[in-house]
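Below is model.txt, holding compact mmCIF, C-alpha atoms.
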# COMPACT_ATOMS: atom_id res chain seq x y z
CA MET J 1 84.56 81.64 141.99
CA ARG J 2 87.66 80.01 143.45
CA SER J 3 87.81 77.54 140.55
CA PHE J 4 87.62 80.45 138.12
CA GLN J 5 90.57 82.12 139.86
CA SER J 6 92.51 78.86 139.67
CA LEU J 7 91.83 78.69 135.94
CA ASN J 8 93.14 82.26 135.56
CA LEU J 9 96.31 81.29 137.39
CA VAL J 10 96.82 78.31 135.08
CA PHE J 11 96.27 80.49 132.02
CA ALA J 12 98.62 83.16 133.42
CA PHE J 13 101.31 80.51 133.95
CA LEU J 14 100.90 79.16 130.42
CA GLY J 15 100.93 82.72 129.03
CA GLY J 16 104.07 83.45 131.01
CA LEU J 17 105.79 80.47 129.42
CA ILE J 18 105.05 81.66 125.89
CA LEU J 19 106.17 85.19 126.79
CA LEU J 20 109.40 83.76 128.19
CA PHE J 21 109.82 81.76 124.99
CA ILE J 22 109.63 85.02 123.00
CA ILE J 23 111.63 87.26 125.31
CA ALA J 24 114.48 84.94 126.31
CA PRO J 25 116.19 84.73 122.88
CA LEU J 26 115.86 88.49 122.40
CA VAL J 27 117.38 89.27 125.79
CA GLY J 28 120.09 86.70 125.16
CA LEU J 29 120.91 88.41 121.86
CA PHE J 30 121.70 91.68 123.63
CA LEU J 31 123.54 90.07 126.53
CA SER J 32 125.79 88.18 124.13
CA SER J 33 126.76 91.39 122.30
CA SER J 34 129.38 93.49 124.07
CA PRO J 35 129.04 97.30 124.18
CA ASP J 36 132.18 97.64 122.04
CA SER J 37 130.78 95.38 119.34
CA LEU J 38 127.48 97.30 119.33
CA ILE J 39 129.28 100.64 119.01
CA SER J 40 131.50 99.40 116.20
CA THR J 41 128.43 98.01 114.43
CA ILE J 42 126.66 101.36 114.69
CA ASN J 43 129.69 103.02 113.10
CA ASP J 44 129.96 100.38 110.36
CA GLU J 45 128.99 101.97 107.03
CA GLU J 46 127.81 98.71 105.52
CA THR J 47 125.41 98.08 108.40
CA VAL J 48 124.05 101.62 108.37
CA LYS J 49 123.42 101.48 104.63
CA SER J 50 121.70 98.10 104.87
CA ILE J 51 119.37 99.31 107.64
CA GLY J 52 118.54 102.44 105.67
CA LEU J 53 117.86 100.39 102.54
CA THR J 54 115.67 97.96 104.49
CA LEU J 55 113.53 100.74 105.96
CA TRP J 56 113.25 102.56 102.63
CA ALA J 57 112.34 99.44 100.66
CA ALA J 58 109.75 98.30 103.20
CA MET J 59 108.18 101.76 103.24
CA ALA J 60 108.17 101.99 99.43
CA ALA J 61 106.57 98.55 99.14
CA THR J 62 103.89 99.52 101.65
CA VAL J 63 103.03 102.91 100.14
CA LEU J 64 103.02 101.73 96.52
CA SER J 65 100.92 98.65 97.35
CA ALA J 66 98.39 100.73 99.30
CA PHE J 67 97.16 102.46 96.13
CA LEU J 68 96.11 99.09 94.71
CA ALA J 69 95.38 97.08 97.86
CA ILE J 70 92.98 99.47 99.60
CA PRO J 71 90.50 99.75 96.68
CA LEU J 72 90.60 95.97 96.28
CA SER J 73 89.95 95.54 100.00
CA TYR J 74 86.90 97.77 99.78
CA LEU J 75 85.54 95.81 96.83
CA LEU J 76 86.06 92.51 98.65
CA ALA J 77 84.34 93.88 101.75
CA ARG J 78 81.29 95.25 99.93
CA LYS J 79 80.71 92.82 97.06
CA ASN J 80 79.86 89.14 97.37
CA PHE J 81 80.55 87.80 93.90
CA TRP J 82 81.38 84.44 92.35
CA GLY J 83 85.01 83.60 92.99
CA HIS J 84 85.25 85.75 96.13
CA SER J 85 86.68 82.91 98.23
CA LEU J 86 89.07 81.97 95.44
CA ILE J 87 90.41 85.52 95.26
CA MET J 88 90.91 85.61 99.05
CA GLY J 89 92.78 82.32 98.81
CA ILE J 90 95.03 83.70 96.08
CA ILE J 91 95.68 86.85 98.11
CA ASN J 92 96.77 84.84 101.16
CA LEU J 93 98.89 82.41 99.14
CA PRO J 94 102.18 84.37 99.61
CA ILE J 95 101.80 83.89 103.36
CA VAL J 96 101.67 80.10 103.26
CA ILE J 97 104.16 79.25 100.51
CA PRO J 98 107.90 79.11 101.32
CA HIS J 99 109.32 82.56 100.65
CA THR J 100 112.23 81.17 98.68
CA ALA J 101 109.59 79.65 96.39
CA ALA J 102 107.95 83.07 96.21
CA GLY J 103 111.28 84.57 95.18
CA ILE J 104 111.78 81.95 92.48
CA ALA J 105 108.24 82.58 91.20
CA LEU J 106 108.96 86.31 90.98
CA LEU J 107 112.32 85.65 89.36
CA GLY J 108 110.60 83.71 86.60
CA ILE J 109 108.58 86.82 85.75
CA VAL J 110 111.25 89.53 86.01
CA ALA J 111 114.30 87.60 84.76
CA GLY J 112 115.77 89.03 81.57
CA ASN J 113 115.44 85.76 79.66
CA SER J 114 111.63 85.65 80.11
CA LYS J 115 109.18 87.44 77.83
CA SER J 116 107.76 89.50 80.67
CA GLY J 117 111.26 90.30 81.91
CA LYS J 118 112.33 91.52 78.46
CA PHE J 119 109.21 93.65 78.26
CA LEU J 120 109.90 95.15 81.69
CA ASN J 121 113.49 95.86 80.69
CA GLN J 122 112.26 97.72 77.61
CA LEU J 123 110.13 99.85 79.91
CA GLY J 124 113.20 100.64 82.00
CA PHE J 125 112.57 98.27 84.91
CA ASP J 126 115.43 96.06 86.03
CA PHE J 127 114.55 94.20 89.22
CA ILE J 128 117.44 91.75 89.43
CA GLY J 129 120.08 92.94 91.87
CA ASN J 130 118.46 96.35 92.30
CA PRO J 131 116.45 98.09 95.05
CA GLU J 132 113.37 97.84 92.83
CA GLY J 133 113.62 94.05 93.10
CA ILE J 134 113.80 94.30 96.88
CA VAL J 135 110.64 96.42 96.93
CA LEU J 136 108.90 93.94 94.62
CA ALA J 137 109.80 90.94 96.78
CA MET J 138 108.79 92.68 100.01
CA ALA J 139 105.46 93.77 98.53
CA PHE J 140 104.66 90.28 97.25
CA VAL J 141 105.05 88.53 100.61
CA SER J 142 103.57 91.27 102.82
CA VAL J 143 100.61 92.78 100.90
CA PRO J 144 98.17 90.07 102.14
CA PHE J 145 98.42 91.56 105.64
CA LEU J 146 97.26 94.95 104.37
CA ILE J 147 94.46 93.58 102.20
CA THR J 148 93.07 91.37 104.96
CA ALA J 149 93.17 94.08 107.63
CA ALA J 150 91.66 96.72 105.32
CA LYS J 151 88.92 94.34 104.15
CA GLU J 152 87.86 93.56 107.72
CA SER J 153 87.91 97.24 108.61
CA PHE J 154 85.78 98.24 105.61
CA ALA J 155 83.35 95.42 106.42
CA ALA J 156 82.84 96.94 109.89
CA VAL J 157 81.70 100.29 108.41
CA PRO J 158 77.86 100.41 108.46
CA VAL J 159 76.52 100.16 104.92
CA LYS J 160 73.53 102.33 105.87
CA LEU J 161 75.82 105.34 106.31
CA GLU J 162 77.11 104.96 102.76
CA LYS J 163 73.60 104.49 101.40
CA ALA J 164 72.37 107.55 103.25
CA ALA J 165 75.14 109.67 101.73
CA LEU J 166 74.34 108.34 98.27
CA THR J 167 70.66 109.16 98.81
CA LEU J 168 71.62 112.74 99.67
CA GLY J 169 73.39 113.09 96.35
CA ALA J 170 77.01 112.30 97.17
CA SER J 171 78.98 110.46 94.47
CA PRO J 172 80.34 106.97 95.23
CA LEU J 173 83.89 108.36 95.16
CA ARG J 174 83.02 111.08 97.64
CA VAL J 175 81.30 108.55 99.89
CA PHE J 176 84.43 106.41 99.84
CA PHE J 177 86.79 109.26 100.78
CA THR J 178 84.53 111.03 103.28
CA ILE J 179 82.77 108.11 105.00
CA SER J 180 84.20 104.67 104.27
CA LEU J 181 87.91 105.48 104.40
CA PRO J 182 87.81 107.72 107.52
CA LEU J 183 85.76 105.16 109.47
CA ALA J 184 88.03 102.29 108.43
CA TRP J 185 91.35 104.06 108.90
CA ARG J 186 92.32 102.31 112.16
CA GLY J 187 92.20 98.86 110.59
CA ILE J 188 93.90 100.12 107.44
CA LEU J 189 96.67 101.71 109.49
CA SER J 190 97.18 98.45 111.39
CA GLY J 191 97.43 96.65 108.06
CA LEU J 192 99.97 99.18 106.78
CA ILE J 193 102.08 98.74 109.90
CA MET J 194 101.88 94.95 109.65
CA MET J 195 102.85 95.06 105.99
CA PHE J 196 105.75 97.40 106.74
CA ALA J 197 106.95 95.12 109.54
CA ARG J 198 106.69 92.01 107.41
CA GLY J 199 108.57 93.68 104.59
CA MET J 200 111.43 94.70 106.87
CA SER J 201 111.91 91.15 108.09
CA GLU J 202 111.76 89.47 104.67
CA PHE J 203 114.70 87.32 103.64
CA GLY J 204 113.76 84.38 101.42
CA ALA J 205 112.13 86.19 98.51
CA VAL J 206 114.59 89.08 98.55
CA VAL J 207 117.69 86.90 98.54
CA ILE J 208 116.52 85.27 95.29
CA ILE J 209 115.74 88.54 93.51
CA ALA J 210 118.42 90.85 94.88
CA TYR J 211 121.21 89.49 97.09
CA HIS J 212 122.93 92.81 96.50
CA PRO J 213 122.47 95.55 97.57
CA MET J 214 122.06 93.89 100.94
CA ILE J 215 119.12 94.53 103.21
CA THR J 216 119.80 93.87 106.88
CA PRO J 217 118.31 90.33 107.11
CA ILE J 218 120.64 89.26 104.29
CA LEU J 219 123.59 91.07 105.88
CA ILE J 220 122.96 89.21 109.15
CA TYR J 221 122.90 85.93 107.24
CA GLU J 222 126.14 86.76 105.42
CA LYS J 223 127.89 87.80 108.64
CA PHE J 224 126.81 84.54 110.24
CA GLY J 225 127.87 82.41 107.27
CA ALA J 226 131.22 84.12 106.73
CA PHE J 227 132.36 84.96 110.27
CA GLY J 228 130.10 83.13 112.70
CA LEU J 229 127.55 83.91 115.39
CA LYS J 230 129.73 86.44 117.22
CA TYR J 231 129.79 88.81 114.25
CA ALA J 232 126.13 88.38 113.33
CA GLN J 233 124.72 89.06 116.81
CA PRO J 234 125.60 92.80 117.03
CA VAL J 235 124.03 93.51 113.63
CA ALA J 236 120.88 91.66 114.64
CA ALA J 237 120.75 93.53 117.96
CA ILE J 238 121.14 96.95 116.32
CA PHE J 239 118.49 96.12 113.74
CA MET J 240 116.09 95.09 116.49
CA ILE J 241 116.69 98.39 118.29
CA VAL J 242 116.00 100.35 115.11
CA THR J 243 112.79 98.44 114.38
CA LEU J 244 111.65 98.91 117.97
CA ILE J 245 112.21 102.67 117.73
CA VAL J 246 110.33 102.82 114.41
CA PHE J 247 107.32 101.00 115.83
CA ILE J 248 107.28 103.11 118.98
CA ILE J 249 107.16 106.22 116.77
CA LEU J 250 104.36 104.71 114.66
CA ARG J 251 102.41 103.82 117.80
CA ILE J 252 102.81 107.35 119.18
CA ILE J 253 101.55 108.83 115.90
CA THR J 254 98.59 106.43 115.90
CA ASN J 255 97.68 107.26 119.49
CA LYS J 256 97.87 111.00 118.78
CA LYS J 257 95.45 110.62 115.85
CA GLU J 258 93.04 108.64 118.03
CA ASN J 259 93.21 111.24 120.81
CA VAL J 260 92.55 114.07 118.32
CA GLU J 261 89.45 112.29 117.02
CA ARG J 262 88.14 111.80 120.54
With the file now loaded, output its structure as structure tokens.
Amino acid sequence: MRSFQSLNLVFAFLGGLILLFIIAPLVGLFLSSSPDSLISTINDEETVKSIGLTLWAAMAATVLSAFLAIPLSYLLARKNFWGHSLIMGIINLPIVIPHTAAGIALLGIVAGNSKSGKFLNQLGFDFIGNPEGIVLAMAFVSVPFLITAAKESFAAVPVKLEKAALTLGASPLRVFFTISLPLAWRGILSGLIMMFARGMSEFGAVVIIAYHPMITPILIYEKFGAFGLKYAQPVAAIFMIVTLIVFIILRIITNKKENVER
């Protein structure tokens, strides 16, 4: 028993080190930013617009992707077909490749001098240097988080419940919306939040597709490159506060839904 307690102490110490590794730079970011610089950053129109654009683009990428990603996740969870592992590897590819490479790959498709880019332009889509390009880049690098989380959540739903509903005469579509989706919603919601978070923090793919209008990660980079660390720190600190508030609100909403169901 005593040896087990000693092991817990060792693990707690090691865990404390990794927590310190995460927390120390974040605390240092706020301590290095004076109250005056934070206030002036909050009142800076360019910063406010970039934060608003970042939140909007990440939300648009998440919502639009959900309509395609959730059905695919259900199919991957329920069907074991040839090429299943290959498809999962393709889905997770945007996570492992450098995001600047992801941006260049996207640029090759949407650029005006490519056949696909010309076709998209004829349809009225112009992704280069536009918010639509930001949404596209965010969706590309973050949708694997949603698909993976939703797939695992659907896989945890008992198949016998779906089969029982089908036996009683329910259509497959009704079974999906009344049984599968409600029982899997927690995992899907976690995937949506993770995708939203990953989209907000994206830099590499977005900077290739749409340097302007600037999302906040690009604005922080430009402030740092043009004026130095002192001018970039307040923007980074304000953006962290905003993201923290957003995720607290999302967590409160999630907890309320769980409490209502209980």
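Interatomic distance, CA of Pro158 in chain J against CA of Pro182 in chain J: 12.4 Å.
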In Å, rounded to a single decimal, give me how far CA of Pro217 in chain J is from CA of Ile249 in chain J.
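So the answer is 21.7 Å.
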Using only C-alpha atoms, find each residue in range 169-213 of chain J having at least one atom no more than 12 Å away from range 220-237 of chain J; report its shortest atom-to-atom pair and that distance in Å (one decimal), rows by chain then rising number, as CSV.
residue,atom,partner,partner_atom,distance
J:Ser201,CA,J:Ala236,CA,11.1
J:Glu202,CA,J:Tyr221,CA,12.0
J:Phe203,CA,J:Tyr221,CA,9.1
J:Gly204,CA,J:Tyr221,CA,10.9
J:Val207,CA,J:Tyr221,CA,10.2
J:Tyr211,CA,J:Glu222,CA,10.1
J:His212,CA,J:Glu222,CA,11.2
(121.0, 89.8, 125.1) in this file's frame - what residues fall within 12 Å of it? Use all atoms listed in the file and give the answer as a PDB file with C-alpha atoms, in the frame of the given file.
ATOM      1  CA  ILE J  23     111.630  87.260 125.310  1.00  0.00           C
ATOM      2  CA  ALA J  24     114.480  84.940 126.310  1.00  0.00           C
ATOM      3  CA  PRO J  25     116.190  84.730 122.880  1.00  0.00           C
ATOM      4  CA  LEU J  26     115.860  88.490 122.400  1.00  0.00           C
ATOM      5  CA  VAL J  27     117.380  89.270 125.790  1.00  0.00           C
ATOM      6  CA  GLY J  28     120.090  86.700 125.160  1.00  0.00           C
ATOM      7  CA  LEU J  29     120.910  88.410 121.860  1.00  0.00           C
ATOM      8  CA  PHE J  30     121.700  91.680 123.630  1.00  0.00           C
ATOM      9  CA  LEU J  31     123.540  90.070 126.530  1.00  0.00           C
ATOM     10  CA  SER J  32     125.790  88.180 124.130  1.00  0.00           C
ATOM     11  CA  SER J  33     126.760  91.390 122.300  1.00  0.00           C
ATOM     12  CA  SER J  34     129.380  93.490 124.070  1.00  0.00           C
ATOM     13  CA  PRO J  35     129.040  97.300 124.180  1.00  0.00           C
ATOM     14  CA  LEU J  38     127.480  97.300 119.330  1.00  0.00           C
ATOM     15  CA  GLN J 233     124.720  89.060 116.810  1.00  0.00           C
ATOM     16  CA  PRO J 234     125.600  92.800 117.030  1.00  0.00           C
ATOM     17  CA  ALA J 236     120.880  91.660 114.640  1.00  0.00           C
ATOM     18  CA  ALA J 237     120.750  93.530 117.960  1.00  0.00           C
ATOM     19  CA  ILE J 238     121.140  96.950 116.320  1.00  0.00           C
ATOM     20  CA  MET J 240     116.090  95.090 116.490  1.00  0.00           C
ATOM     21  CA  ILE J 241     116.690  98.390 118.290  1.00  0.00           C
TER      22      ILE J 241
END
Show me, as an MDAnalysis selection string, the residues that have an atom within 12 Å of Asn92 in chain J when counting only C-alpha atoms, minus same-chain residues fewer than 4 positions from it.
chainID J and resid 85:88 96:97 140:149
Around range 42-59 of chain J, fit a box with edges along x, y and z, padding it by 5 Å on each side, then list its centre and edge lengths in Å to one decimal as JSON.
{"center_x": 119.1, "center_y": 100.5, "center_z": 107.7, "size_x": 31.8, "size_y": 15.1, "size_z": 24.0}
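Closest approach to Ala137 in chain J among J:Lys163, J:His99, J:Arg174, J:Arg78 is made by J:His99 (distances from all atoms listed in the file).
When all atoms listed in the file are used to compute distances to Ile209 in chain J, the closest of the residues J:Ser6, J:Ser73, J:Gly103, J:Ile248 turns out to be J:Gly103.
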I want to know what sits within 12 Å of Ala197 in chain J, based on only C-alpha atoms, with residues of the same chain fewer than 2 positions away left out; could you give that as an MDAnalysis selection string?
chainID J and resid 54:59 61:62 138:139 141:143 145:146 190:195 199:202 240 242:244 246:247 250
I need the chosen residues saved as a JSON list (two decimals), in the frame of the given file, with C-alpha atoms.
[["chain", "number", "residue", "atom", "x", "y", "z"],
["J", 54, "THR", "CA", 115.67, 97.96, 104.49],
["J", 55, "LEU", "CA", 113.53, 100.74, 105.96],
["J", 56, "TRP", "CA", 113.25, 102.56, 102.63],
["J", 57, "ALA", "CA", 112.34, 99.44, 100.66],
["J", 58, "ALA", "CA", 109.75, 98.30, 103.20],
["J", 59, "MET", "CA", 108.18, 101.76, 103.24],
["J", 61, "ALA", "CA", 106.57, 98.55, 99.14],
["J", 62, "THR", "CA", 103.89, 99.52, 101.65],
["J", 138, "MET", "CA", 108.79, 92.68, 100.01],
["J", 139, "ALA", "CA", 105.46, 93.77, 98.53],
["J", 141, "VAL", "CA", 105.05, 88.53, 100.61],
["J", 142, "SER", "CA", 103.57, 91.27, 102.82],
["J", 143, "VAL", "CA", 100.61, 92.78, 100.90],
["J", 145, "PHE", "CA", 98.42, 91.56, 105.64],
["J", 146, "LEU", "CA", 97.26, 94.95, 104.37],
["J", 190, "SER", "CA", 97.18, 98.45, 111.39],
["J", 191, "GLY", "CA", 97.43, 96.65, 108.06],
["J", 192, "LEU", "CA", 99.97, 99.18, 106.78],
["J", 193, "ILE", "CA", 102.08, 98.74, 109.90],
["J", 194, "MET", "CA", 101.88, 94.95, 109.65],
["J", 195, "MET", "CA", 102.85, 95.06, 105.99],
["J", 199, "GLY", "CA", 108.57, 93.68, 104.59],
["J", 200, "MET", "CA", 111.43, 94.70, 106.87],
["J", 201, "SER", "CA", 111.91, 91.15, 108.09],
["J", 202, "GLU", "CA", 111.76, 89.47, 104.67],
["J", 240, "MET", "CA", 116.09, 95.09, 116.49],
["J", 242, "VAL", "CA", 116.00, 100.35, 115.11],
["J", 243, "THR", "CA", 112.79, 98.44, 114.38],
["J", 244, "LEU", "CA", 111.65, 98.91, 117.97],
["J", 246, "VAL", "CA", 110.33, 102.82, 114.41],
["J", 247, "PHE", "CA", 107.32, 101.00, 115.83],
["J", 250, "LEU", "CA", 104.36, 104.71, 114.66]]
I'd like the contact shell of range 125-128 of chain J - 12 Å cut-off, all atoms listed in the file, skipping same-chain residues fewer than 6 positions apart - returned as an MDAnalysis selection string.
chainID J and resid 103:104 106:113 116:119 134:137 205:213
Cut-off 12 Å around (75.8, 100.1, 105.2) with all atoms listed in the file: residues as an mmCIF file with C-alpha atoms, in the coordinates of the input:
data_model
loop_
_atom_site.group_PDB
_atom_site.id
_atom_site.type_symbol
_atom_site.label_atom_id
_atom_site.label_comp_id
_atom_site.auth_asym_id
_atom_site.auth_seq_id
_atom_site.Cartn_x
_atom_site.Cartn_y
_atom_site.Cartn_z
ATOM 1 C CA ALA J 77 84.340 93.880 101.750
ATOM 2 C CA ARG J 78 81.290 95.250 99.930
ATOM 3 C CA LYS J 79 80.710 92.820 97.060
ATOM 4 C CA PHE J 154 85.780 98.240 105.610
ATOM 5 C CA ALA J 155 83.350 95.420 106.420
ATOM 6 C CA ALA J 156 82.840 96.940 109.890
ATOM 7 C CA VAL J 157 81.700 100.290 108.410
ATOM 8 C CA PRO J 158 77.860 100.410 108.460
ATOM 9 C CA VAL J 159 76.520 100.160 104.920
ATOM 10 C CA LYS J 160 73.530 102.330 105.870
ATOM 11 C CA LEU J 161 75.820 105.340 106.310
ATOM 12 C CA GLU J 162 77.110 104.960 102.760
ATOM 13 C CA LYS J 163 73.600 104.490 101.400
ATOM 14 C CA ALA J 164 72.370 107.550 103.250
ATOM 15 C CA ALA J 165 75.140 109.670 101.730
ATOM 16 C CA LEU J 166 74.340 108.340 98.270
ATOM 17 C CA VAL J 175 81.300 108.550 99.890
ATOM 18 C CA PHE J 176 84.430 106.410 99.840
ATOM 19 C CA ILE J 179 82.770 108.110 105.000
ATOM 20 C CA SER J 180 84.200 104.670 104.270
ATOM 21 C CA LEU J 183 85.760 105.160 109.470
#
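Considering the residues J:Asn121, J:Thr100, J:Asn80, J:Thr216 and counting only C-alpha atoms, Glu46 in chain J has its shortest atom-to-atom contact with J:Thr216.
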Output requested as a JSON list (two decimals), in the frame of the given file - range 55-87 of chain J, filled out with N, CA and C atoms.
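The new file rebuild-v7.json reads:
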[["chain", "number", "residue", "atom", "x", "y", "z"],
["J", 55, "LEU", "N", 114.65, 99.87, 105.58],
["J", 55, "LEU", "CA", 113.53, 100.74, 105.96],
["J", 55, "LEU", "C", 112.91, 101.40, 104.73],
["J", 56, "TRP", "N", 113.76, 101.89, 103.83],
["J", 56, "TRP", "CA", 113.25, 102.56, 102.63],
["J", 56, "TRP", "C", 112.47, 101.59, 101.75],
["J", 57, "ALA", "N", 113.01, 100.40, 101.53],
["J", 57, "ALA", "CA", 112.34, 99.44, 100.66],
["J", 57, "ALA", "C", 111.02, 98.97, 101.25],
["J", 58, "ALA", "N", 110.99, 98.73, 102.56],
["J", 58, "ALA", "CA", 109.75, 98.30, 103.20],
["J", 58, "ALA", "C", 108.69, 99.40, 103.13],
["J", 59, "MET", "N", 109.11, 100.64, 103.32],
["J", 59, "MET", "CA", 108.18, 101.76, 103.24],
["J", 59, "MET", "C", 107.68, 101.95, 101.81],
["J", 60, "ALA", "N", 108.57, 101.85, 100.83],
["J", 60, "ALA", "CA", 108.17, 101.99, 99.43],
["J", 60, "ALA", "C", 107.20, 100.89, 99.03],
["J", 61, "ALA", "N", 107.47, 99.66, 99.45],
["J", 61, "ALA", "CA", 106.57, 98.55, 99.14],
["J", 61, "ALA", "C", 105.20, 98.77, 99.74],
["J", 62, "THR", "N", 105.16, 99.30, 100.96],
["J", 62, "THR", "CA", 103.89, 99.52, 101.65],
["J", 62, "THR", "C", 103.09, 100.64, 100.98],
["J", 63, "VAL", "N", 103.74, 101.76, 100.71],
["J", 63, "VAL", "CA", 103.03, 102.91, 100.14],
["J", 63, "VAL", "C", 102.53, 102.60, 98.72],
["J", 64, "LEU", "N", 103.40, 102.03, 97.90],
["J", 64, "LEU", "CA", 103.02, 101.73, 96.52],
["J", 64, "LEU", "C", 101.89, 100.69, 96.47],
["J", 65, "SER", "N", 101.96, 99.69, 97.34],
["J", 65, "SER", "CA", 100.92, 98.65, 97.35],
["J", 65, "SER", "C", 99.59, 99.19, 97.84],
["J", 66, "ALA", "N", 99.63, 100.20, 98.72],
["J", 66, "ALA", "CA", 98.39, 100.73, 99.30],
["J", 66, "ALA", "C", 97.45, 101.27, 98.23],
["J", 67, "PHE", "N", 98.00, 101.87, 97.19],
["J", 67, "PHE", "CA", 97.16, 102.46, 96.13],
["J", 67, "PHE", "C", 96.34, 101.40, 95.40],
["J", 68, "LEU", "N", 96.83, 100.18, 95.37],
["J", 68, "LEU", "CA", 96.11, 99.09, 94.71],
["J", 68, "LEU", "C", 95.35, 98.23, 95.72],
["J", 69, "ALA", "N", 95.94, 98.01, 96.88],
["J", 69, "ALA", "CA", 95.38, 97.08, 97.86],
["J", 69, "ALA", "C", 94.14, 97.62, 98.54],
["J", 70, "ILE", "N", 94.11, 98.91, 98.86],
["J", 70, "ILE", "CA", 92.98, 99.47, 99.60],
["J", 70, "ILE", "C", 91.70, 99.46, 98.76],
["J", 71, "PRO", "N", 91.72, 99.88, 97.49],
["J", 71, "PRO", "CA", 90.50, 99.75, 96.68],
["J", 71, "PRO", "C", 90.03, 98.30, 96.54],
["J", 72, "LEU", "N", 90.97, 97.37, 96.37],
["J", 72, "LEU", "CA", 90.60, 95.97, 96.28],
["J", 72, "LEU", "C", 89.96, 95.49, 97.59],
["J", 73, "SER", "N", 90.50, 95.93, 98.70],
["J", 73, "SER", "CA", 89.95, 95.54, 100.00],
["J", 73, "SER", "C", 88.52, 96.03, 100.15],
["J", 74, "TYR", "N", 88.25, 97.24, 99.70],
["J", 74, "TYR", "CA", 86.90, 97.77, 99.78],
["J", 74, "TYR", "C", 85.94, 96.96, 98.92],
["J", 75, "LEU", "N", 86.38, 96.61, 97.73],
["J", 75, "LEU", "CA", 85.54, 95.81, 96.83],
["J", 75, "LEU", "C", 85.25, 94.44, 97.45],
["J", 76, "LEU", "N", 86.25, 93.82, 98.03],
["J", 76, "LEU", "CA", 86.06, 92.51, 98.65],
["J", 76, "LEU", "C", 85.15, 92.58, 99.87],
["J", 77, "ALA", "N", 85.18, 93.72, 100.57],
["J", 77, "ALA", "CA", 84.34, 93.88, 101.75],
["J", 77, "ALA", "C", 82.88, 94.16, 101.41],
["J", 78, "ARG", "N", 82.64, 94.80, 100.28],
["J", 78, "ARG", "CA", 81.29, 95.25, 99.93],
["J", 78, "ARG", "C", 80.58, 94.35, 98.92],
["J", 79, "LYS", "N", 81.32, 93.62, 98.12],
["J", 79, "LYS", "CA", 80.71, 92.82, 97.06],
["J", 79, "LYS", "C", 80.89, 91.33, 97.33],
["J", 80, "ASN", "N", 79.80, 90.59, 97.22],
["J", 80, "ASN", "CA", 79.86, 89.14, 97.37],
["J", 80, "ASN", "C", 79.61, 88.52, 96.00],
["J", 81, "PHE", "N", 80.66, 88.26, 95.27],
["J", 81, "PHE", "CA", 80.55, 87.80, 93.90],
["J", 81, "PHE", "C", 81.13, 86.39, 93.76],
["J", 82, "TRP", "N", 80.84, 85.77, 92.61],
["J", 82, "TRP", "CA", 81.38, 84.44, 92.35],
["J", 82, "TRP", "C", 82.90, 84.50, 92.27],
["J", 83, "GLY", "N", 83.56, 83.61, 92.97],
["J", 83, "GLY", "CA", 85.01, 83.60, 92.99],
["J", 83, "GLY", "C", 85.61, 84.41, 94.12],
["J", 84, "HIS", "N", 84.77, 84.93, 95.01],
["J", 84, "HIS", "CA", 85.25, 85.75, 96.13],
["J", 84, "HIS", "C", 86.23, 84.96, 97.01],
["J", 85, "SER", "N", 85.82, 83.74, 97.38],
["J", 85, "SER", "CA", 86.68, 82.91, 98.23],
["J", 85, "SER", "C", 87.98, 82.53, 97.52],
["J", 86, "LEU", "N", 87.88, 82.31, 96.22],
["J", 86, "LEU", "CA", 89.07, 81.97, 95.44],
["J", 86, "LEU", "C", 90.06, 83.13, 95.44],
["J", 87, "ILE", "N", 89.55, 84.34, 95.27],
["J", 87, "ILE", "CA", 90.41, 85.52, 95.26],
["J", 87, "ILE", "C", 91.08, 85.70, 96.62]]
